[in-house]
Amino acid sequence: MINTQKDSLFIRAAQSQPTERPPVWMMRQAGRFMKEYWEIKNKYSFLEMCKTPEIAADVTMLPVDLLDIDAAILFSDILVTGEAMGGDLSFNQGVGPKFANPVRTKADIDNLNVDCLGQLQYVADAIKVIQQRLNGKIPLIGFAGAPFTVMSYLVEGGSSKDFKLTKLMLHNEPEMAHQLLSKIAKVTTDYLNMQIAAGVNAVQVFDSWAMALSWDDYKEFSHRYISEIIAGLNRQDIPVISFCKGSSVFAPLMAEAKPDVISIDWNADLLDIKKRLPQGIAVQGNFDPHILYADKKVIKERIHRLFERMKGENGFIFNLGHGIMPDIPFDNVKYAVDVIKEYK
Ligand code: CP3
């Protein structure tokens with residue numbers, strides 16, 4: 001019997017093999033732009049949804065069933081590693097994520113627990129339920145936050161515009177910063193290996209806020225730990241995707257960490273970036289999600305423009321340069337997926 005997940009468009013494109021058309025999935029596809037998400041969210045808190053495998057599976061399946069997307073992504077959050085290490089995490093409507101006990105001193109860092117996989121068992125359980133539901137139809141992507149991005153939430157105590165306290169730690173207390181980043185990297189490696197053991201078909205590392213860093217700081221405080229994580233994965237034939245905002249600048253360094261796929265933000269010309277990467281590294285991206293607010297004829301024209309540009313290239317996965325915004329019309333997202341699937 002052929003393994004439909006391993007032979008899927010998504011896995012073949014991630015491995016830079018030829019595909020009939022580029023596969024499509026979208027970051028934040030399991031979320032607030034769907035009324036079906038709200039029907040669940042109105043009954044449970046976000047963390048309850050993440051921690052109850054049946055509910056996490058229900059949400060993961062929404063874009064599979066409603067959009068007919070080419071890959072599913074585990075419903076969870078990048079901050080669950082920070083919580084497992086000892087962060088007091090909550091999500092409140094309109095406020096976003098909060099850590100009530102921010103990590104600011106050497107003692108705070110010493111207190112973080114790195115042997116915390118047991119606390120994340122609910123994720124392994126969710127993966128098993130999701131794989132039963134998917135029943136081989138399409139692959140499942142697992143994920144984790146990159147150390148720098150997770151560190152920024154732990155240090156700031158929540159979302160930040162300028163990452164002032166985080167950068168201050170990098171610059172004034174680099175040894176402390178390295179101690180914190182090493183601890184997060186260790187947990188993240190174990191956590192992604194747990195997801196692989198539980199049955200995900202690919203993994204993505206999200207370094208959402210890397211674009212806040214200078215080249216030197218990215219190299220020292222982010223790239224180094226992503227490389228460590230990727231080197232520590234039991235990859236077998238599981239593709240590893242490296243995503244950051246800032247990838248149009250950092251892509252050459254990201255390639256040195258040896259992912260299978262680099263997910264590119266919307267600032268760069270995708271073909272131009274791909275040509276500058278080593279052979280065998282696929283690209284994912286890089287549609288500006290704001291285009292999904294526009295008229296359908298614009299959405300179609302822009303998708304065709306990207307596809308014409310990438311024509312004949314193996315190793316291209318359609319995605320957005322960053323996640324879908326919660327107020328993008330569902331109908332436009334569905335239309336975009338249909339346009340992609342009909343493309344010849
Ligand atoms: O992609 C998916 O559909 C899978 C699920 C997923 C979520 N978060 C669900 C979520 C994934 C992959 C993430 C990753 C994540 N979480 C990132 C990296 C991706 C990116 O967009 O850069 C980051 C930075 C976070 C941290 C985070 N979680 C923030 C900043 C917020 C609040 C955002 C806001 O606009 O309020 C969250 C909450 C969150 N994570 C929600 C969802 C569906 C919304 C929760 C709710 O319904 O209130």
# chains A, B, ... in the order shown; residues from 1 in each chain; ligands from 1
$ closest_atom_pairs --of "range 15-121 of chain A" --to "range 281-297 of chain A" --cutoff "10 Å" --atoms "only C-alpha atoms" --output "Markdown table"
| residue | atom | partner | partner_atom | distance |
| --- | --- | --- | --- | --- |
| A:Gln15 | CA | A:Ala282 | CA | 6.9 |
| A:Ser16 | CA | A:Ala282 | CA | 5.6 |
| A:Gln17 | CA | A:Ala282 | CA | 9.2 |
| A:Pro22 | CA | A:Gln284 | CA | 9.8 |
| A:Pro23 | CA | A:Gln284 | CA | 9.6 |
| A:Val24 | CA | A:Gln284 | CA | 9.3 |
| A:Trp25 | CA | A:Gly285 | CA | 9.6 |
| A:Met26 | CA | A:Gly285 | CA | 8.9 |
| A:Met27 | CA | A:Gly285 | CA | 9.7 |
$ closest_atom_pairs --of "chain A" --to "ligand 1" --cutoff "9 Å" --atoms "only C-alpha atoms and all ligand atoms" --output "CSV"
residue,atom,partner,partner_atom_place_in_ligand_line,distance
A:Met26,CA,ligand 1,1 (O),7.1
A:Met27,CA,ligand 1,1 (O),4.4
A:Arg28,CA,ligand 1,1 (O),3.0
A:Gln29,CA,ligand 1,3 (O),4.1
A:Ala30,CA,ligand 1,3 (O),3.5
A:Gly31,CA,ligand 1,43 (C),4.2
A:Arg32,CA,ligand 1,47 (O),6.0
A:Tyr37,CA,ligand 1,47 (O),7.9
A:Trp38,CA,ligand 1,47 (O),7.5
A:Lys41,CA,ligand 1,47 (O),6.2
A:Asn42,CA,ligand 1,47 (O),8.9
A:Ser45,CA,ligand 1,48 (O),7.9
A:Phe46,CA,ligand 1,45 (C),5.5
A:Leu47,CA,ligand 1,45 (C),8.5
A:Cys50,CA,ligand 1,9 (C),8.6
A:Val59,CA,ligand 1,3 (O),8.5
A:Thr60,CA,ligand 1,3 (O),7.3
A:Pro63,CA,ligand 1,3 (O),8.5
A:Ala72,CA,ligand 1,3 (O),8.5
A:Ile73,CA,ligand 1,4 (C),5.4
A:Leu74,CA,ligand 1,4 (C),5.6
A:Phe75,CA,ligand 1,5 (C),4.3
A:Ser76,CA,ligand 1,5 (C),5.0
A:Asp77,CA,ligand 1,8 (N),4.1
A:Ile78,CA,ligand 1,16 (N),4.8
A:Leu79,CA,ligand 1,26 (C),6.2
A:Phe91,CA,ligand 1,38 (C),6.6
A:Asn92,CA,ligand 1,48 (O),6.6
A:Gln93,CA,ligand 1,48 (O),5.4
A:Gly94,CA,ligand 1,36 (O),5.8
A:Val95,CA,ligand 1,36 (O),6.4
A:Gly96,CA,ligand 1,32 (C),4.0
A:Pro97,CA,ligand 1,31 (C),5.5
A:Gly142,CA,ligand 1,12 (C),8.5
A:Phe143,CA,ligand 1,12 (C),6.7
A:Ala144,CA,ligand 1,14 (C),7.7
A:Gly145,CA,ligand 1,18 (C),6.6
A:Thr149,CA,ligand 1,24 (C),7.2
A:Val150,CA,ligand 1,24 (C),8.1
A:Tyr153,CA,ligand 1,26 (C),8.3
A:Gly158,CA,ligand 1,30 (C),8.0
A:Ser159,CA,ligand 1,30 (C),6.1
A:Gln204,CA,ligand 1,12 (C),8.6
A:Val205,CA,ligand 1,18 (C),8.7
A:Phe206,CA,ligand 1,18 (C),5.3
A:Asp207,CA,ligand 1,18 (C),6.9
A:Ser208,CA,ligand 1,22 (O),4.2
A:Trp209,CA,ligand 1,22 (O),7.3
A:Phe243,CA,ligand 1,22 (O),8.8
A:Cys244,CA,ligand 1,22 (O),7.8
A:Lys245,CA,ligand 1,22 (O),7.6
A:His322,CA,ligand 1,21 (O),6.0
A:Gly323,CA,ligand 1,21 (O),4.8
A:Ile324,CA,ligand 1,21 (O),8.0
A:Met325,CA,ligand 1,35 (O),7.8
A:Pro326,CA,ligand 1,35 (O),7.5
$ select_by_dssp --residues "range 9-52 of chain A" --states "alpha helix (DSSP H)" --output "number ranges by chain"
A: 9-14, 35-41, 46-51
$ closest_atom_pairs --of "range 67-138 of chain A" --to "range 5-10 of chain A" --cutoff "12 Å" --atoms "only C-alpha atoms" --output "Markdown table"
| residue | atom | partner | partner_atom | distance |
| --- | --- | --- | --- | --- |
| A:Ile69 | CA | A:Phe10 | CA | 10.1 |
| A:Asp70 | CA | A:Phe10 | CA | 6.5 |
| A:Ala71 | CA | A:Phe10 | CA | 6.6 |
| A:Ala72 | CA | A:Phe10 | CA | 10.2 |
| A:Gln131 | CA | A:Gln5 | CA | 10.4 |
| A:Leu134 | CA | A:Gln5 | CA | 9.6 |
| A:Asn135 | CA | A:Gln5 | CA | 9.3 |
| A:Gly136 | CA | A:Gln5 | CA | 5.6 |
| A:Lys137 | CA | A:Gln5 | CA | 6.5 |
| A:Ile138 | CA | A:Gln5 | CA | 5.3 |
$ closest_residue --among "A:Lys300, A:Leu67, A:Asn319, A:Leu62" --to "Glu36 in chain A" --atoms "only C-alpha atoms"
A:Leu62
$ atom_distance --atom1 "CA of Ala13 in chain A" --atom2 "CA of Leu320 in chain A"
16.0 Å
$ closest_residue --among "A:Gln195, A:Asn201, A:Ser152, A:Asn111" --to "Lys98 in chain A" --atoms "only C-alpha atoms"
A:Ser152
$ closest_residue --among "A:Asp338, A:Glu39, A:Glu156, A:Glu313" --to "Leu270 in chain A" --atoms "only C-alpha atoms"
A:Glu313
$ closest_atom_pairs --of "range 165-228 of chain A" --to "range 251-260 of chain A" --cutoff "12 Å" --atoms "only C-alpha atoms" --output "CSV"
residue,atom,partner,partner_atom,distance
A:Ala202,CA,A:Asp260,CA,9.9
A:Val203,CA,A:Pro259,CA,10.0
A:Gln204,CA,A:Pro259,CA,9.4
A:Val205,CA,A:Pro259,CA,9.7
A:Asp207,CA,A:Met254,CA,10.9
A:Ala210,CA,A:Met254,CA,11.2
A:Met211,CA,A:Ala251,CA,11.6
A:Trp215,CA,A:Leu253,CA,9.4
A:Asp216,CA,A:Leu253,CA,10.9
A:Tyr218,CA,A:Leu253,CA,9.2
A:Lys219,CA,A:Leu253,CA,7.6
A:Glu220,CA,A:Leu253,CA,11.2
A:Ser222,CA,A:Met254,CA,9.8
A:His223,CA,A:Met254,CA,6.7
A:Arg224,CA,A:Ala257,CA,8.1
A:Tyr225,CA,A:Ala257,CA,9.2
A:Ile226,CA,A:Ala257,CA,6.8
A:Ser227,CA,A:Ala257,CA,4.4
A:Glu228,CA,A:Ala257,CA,7.9
$ closest_residue --among "A:Leu277, A:Val80, A:Val114, A:Ala124" --to "Ala197 in chain A" --atoms "only C-alpha atoms"
A:Ala124
$ residues_around --residues "range 188-191 of chain A" --least-positions-apart "3" --cutoff "9 Å" --atoms "only C-alpha atoms" --output "PDB file with N, CA, C and O atoms, in the first residue's frame"
ATOM      1  N   THR A  81       5.852  25.543  25.680  1.00  0.00           N
ATOM      2  CA  THR A  81       7.159  25.128  26.233  1.00  0.00           C
ATOM      3  C   THR A  81       7.515  26.023  27.420  1.00  0.00           C
ATOM      4  O   THR A  81       7.989  25.536  28.446  1.00  0.00           O
ATOM      5  N   LEU A 117       9.064  17.404  29.950  1.00  0.00           N
ATOM      6  CA  LEU A 117       8.303  16.788  28.852  1.00  0.00           C
ATOM      7  C   LEU A 117       6.977  16.195  29.327  1.00  0.00           C
ATOM      8  O   LEU A 117       5.986  16.216  28.596  1.00  0.00           O
ATOM      9  N   LEU A 120       3.972  18.086  28.886  1.00  0.00           N
ATOM     10  CA  LEU A 120       3.508  18.334  27.520  1.00  0.00           C
ATOM     11  C   LEU A 120       2.919  17.078  26.881  1.00  0.00           C
ATOM     12  O   LEU A 120       2.671  17.035  25.676  1.00  0.00           O
ATOM     13  N   ALA A 144       7.096  24.083  17.121  1.00  0.00           N
ATOM     14  CA  ALA A 144       7.521  24.677  18.402  1.00  0.00           C
ATOM     15  C   ALA A 144       8.019  26.080  18.112  1.00  0.00           C
ATOM     16  O   ALA A 144       8.342  26.415  16.963  1.00  0.00           O
ATOM     17  N   GLY A 145       8.084  26.899  19.154  1.00  0.00           N
ATOM     18  CA  GLY A 145       8.658  28.235  19.016  1.00  0.00           C
ATOM     19  C   GLY A 145      10.173  28.146  19.058  1.00  0.00           C
ATOM     20  O   GLY A 145      10.733  27.262  19.709  1.00  0.00           O
ATOM     21  N   ALA A 146      10.840  29.048  18.358  1.00  0.00           N
ATOM     22  CA  ALA A 146      12.302  29.106  18.417  1.00  0.00           C
ATOM     23  C   ALA A 146      12.707  29.765  19.738  1.00  0.00           C
ATOM     24  O   ALA A 146      11.966  30.585  20.289  1.00  0.00           O
ATOM     25  N   PRO A 147      13.895  29.423  20.246  1.00  0.00           N
ATOM     26  CA  PRO A 147      14.296  29.956  21.555  1.00  0.00           C
ATOM     27  C   PRO A 147      14.219  31.479  21.678  1.00  0.00           C
ATOM     28  O   PRO A 147      13.697  31.977  22.668  1.00  0.00           O
ATOM     29  N   LYS A 183      18.530  26.634  27.806  1.00  0.00           N
ATOM     30  CA  LYS A 183      17.487  25.854  28.479  1.00  0.00           C
ATOM     31  C   LYS A 183      16.276  25.691  27.564  1.00  0.00           C
ATOM     32  O   LYS A 183      15.723  24.602  27.447  1.00  0.00           O
ATOM     33  N   ILE A 184      15.864  26.776  26.905  1.00  0.00           N
ATOM     34  CA  ILE A 184      14.705  26.676  26.001  1.00  0.00           C
ATOM     35  C   ILE A 184      15.034  25.731  24.835  1.00  0.00           C
ATOM     36  O   ILE A 184      14.201  24.914  24.429  1.00  0.00           O
ATOM     37  N   ALA A 185      16.269  25.821  24.321  1.00  0.00           N
ATOM     38  CA  ALA A 185      16.652  24.972  23.174  1.00  0.00           C
ATOM     39  C   ALA A 185      16.599  23.497  23.560  1.00  0.00           C
ATOM     40  O   ALA A 185      16.132  22.654  22.784  1.00  0.00           O
ATOM     41  N   MET A 194       9.538  14.460  20.858  1.00  0.00           N
ATOM     42  CA  MET A 194       8.326  13.824  21.377  1.00  0.00           C
ATOM     43  C   MET A 194       7.210  13.874  20.315  1.00  0.00           C
ATOM     44  O   MET A 194       6.487  12.891  20.109  1.00  0.00           O
ATOM     45  N   GLN A 195       7.082  15.011  19.628  1.00  0.00           N
ATOM     46  CA  GLN A 195       6.050  15.131  18.585  1.00  0.00           C
ATOM     47  C   GLN A 195       6.328  14.159  17.435  1.00  0.00           C
ATOM     48  O   GLN A 195       5.408  13.536  16.887  1.00  0.00           O
ATOM     49  N   ILE A 196       7.617  14.019  17.082  1.00  0.00           N
ATOM     50  CA  ILE A 196       7.980  13.084  15.999  1.00  0.00           C
ATOM     51  C   ILE A 196       7.636  11.655  16.440  1.00  0.00           C
ATOM     52  O   ILE A 196       7.025  10.888  15.695  1.00  0.00           O
ATOM     53  N   GLU A 228      21.220  24.151  16.814  1.00  0.00           N
ATOM     54  CA  GLU A 228      21.342  23.123  17.854  1.00  0.00           C
ATOM     55  C   GLU A 228      20.095  22.231  17.875  1.00  0.00           C
ATOM     56  O   GLU A 228      20.196  21.005  17.963  1.00  0.00           O
ATOM     57  N   ILE A 229      18.935  22.853  17.794  1.00  0.00           N
ATOM     58  CA  ILE A 229      17.673  22.092  17.817  1.00  0.00           C
ATOM     59  C   ILE A 229      17.594  21.172  16.598  1.00  0.00           C
ATOM     60  O   ILE A 229      17.344  19.965  16.737  1.00  0.00           O
ATOM     61  N   ILE A 230      17.830  21.737  15.418  1.00  0.00           N
ATOM     62  CA  ILE A 230      17.695  20.922  14.199  1.00  0.00           C
ATOM     63  C   ILE A 230      18.681  19.754  14.236  1.00  0.00           C
ATOM     64  O   ILE A 230      18.337  18.620  13.898  1.00  0.00           O
ATOM     65  N   ALA A 231      19.907  20.017  14.707  1.00  0.00           N
ATOM     66  CA  ALA A 231      20.918  18.942  14.778  1.00  0.00           C
ATOM     67  C   ALA A 231      20.499  17.861  15.769  1.00  0.00           C
ATOM     68  O   ALA A 231      20.918  16.711  15.650  1.00  0.00           O
ATOM     69  N   GLY A 232      19.658  18.222  16.746  1.00  0.00           N
ATOM     70  CA  GLY A 232      19.270  17.269  17.784  1.00  0.00           C
ATOM     71  C   GLY A 232      17.989  16.492  17.484  1.00  0.00           C
ATOM     72  O   GLY A 232      17.539  15.693  18.306  1.00  0.00           O
ATOM     73  N   LEU A 233      17.385  16.737  16.308  1.00  0.00           N
ATOM     74  CA  LEU A 233      16.107  16.061  16.004  1.00  0.00           C
ATOM     75  C   LEU A 233      16.326  14.659  15.444  1.00  0.00           C
ATOM     76  O   LEU A 233      17.258  14.432  14.677  1.00  0.00           O
TER      77      LEU A 233
END
$ atom_distance --atom1 "CA of Asn101 in chain A" --atom2 "CA of Gly157 in chain A"
7.0 Å
$ select_by_dssp --residues "range 43-188 of chain A" --states "strand (DSSP E)" --output "ChimeraX atom specification"
/A:72-73,89-92,96-99,140-145
$ closest_residue --among "A:Leu271, A:Asn234, A:Ile55, A:Asp327" --to "Leu306 in chain A" --atoms "only C-alpha atoms"
A:Leu271
$ closest_residue --among "A:Lys344, A:Met169, A:Asp162, A:Val187" --to "Gly118 in chain A" --atoms "only C-alpha atoms"
A:Val187
$ atom_distance --atom1 "CA of Leu180 in chain A" --atom2 "CA of Leu154 in chain A"
9.7 Å
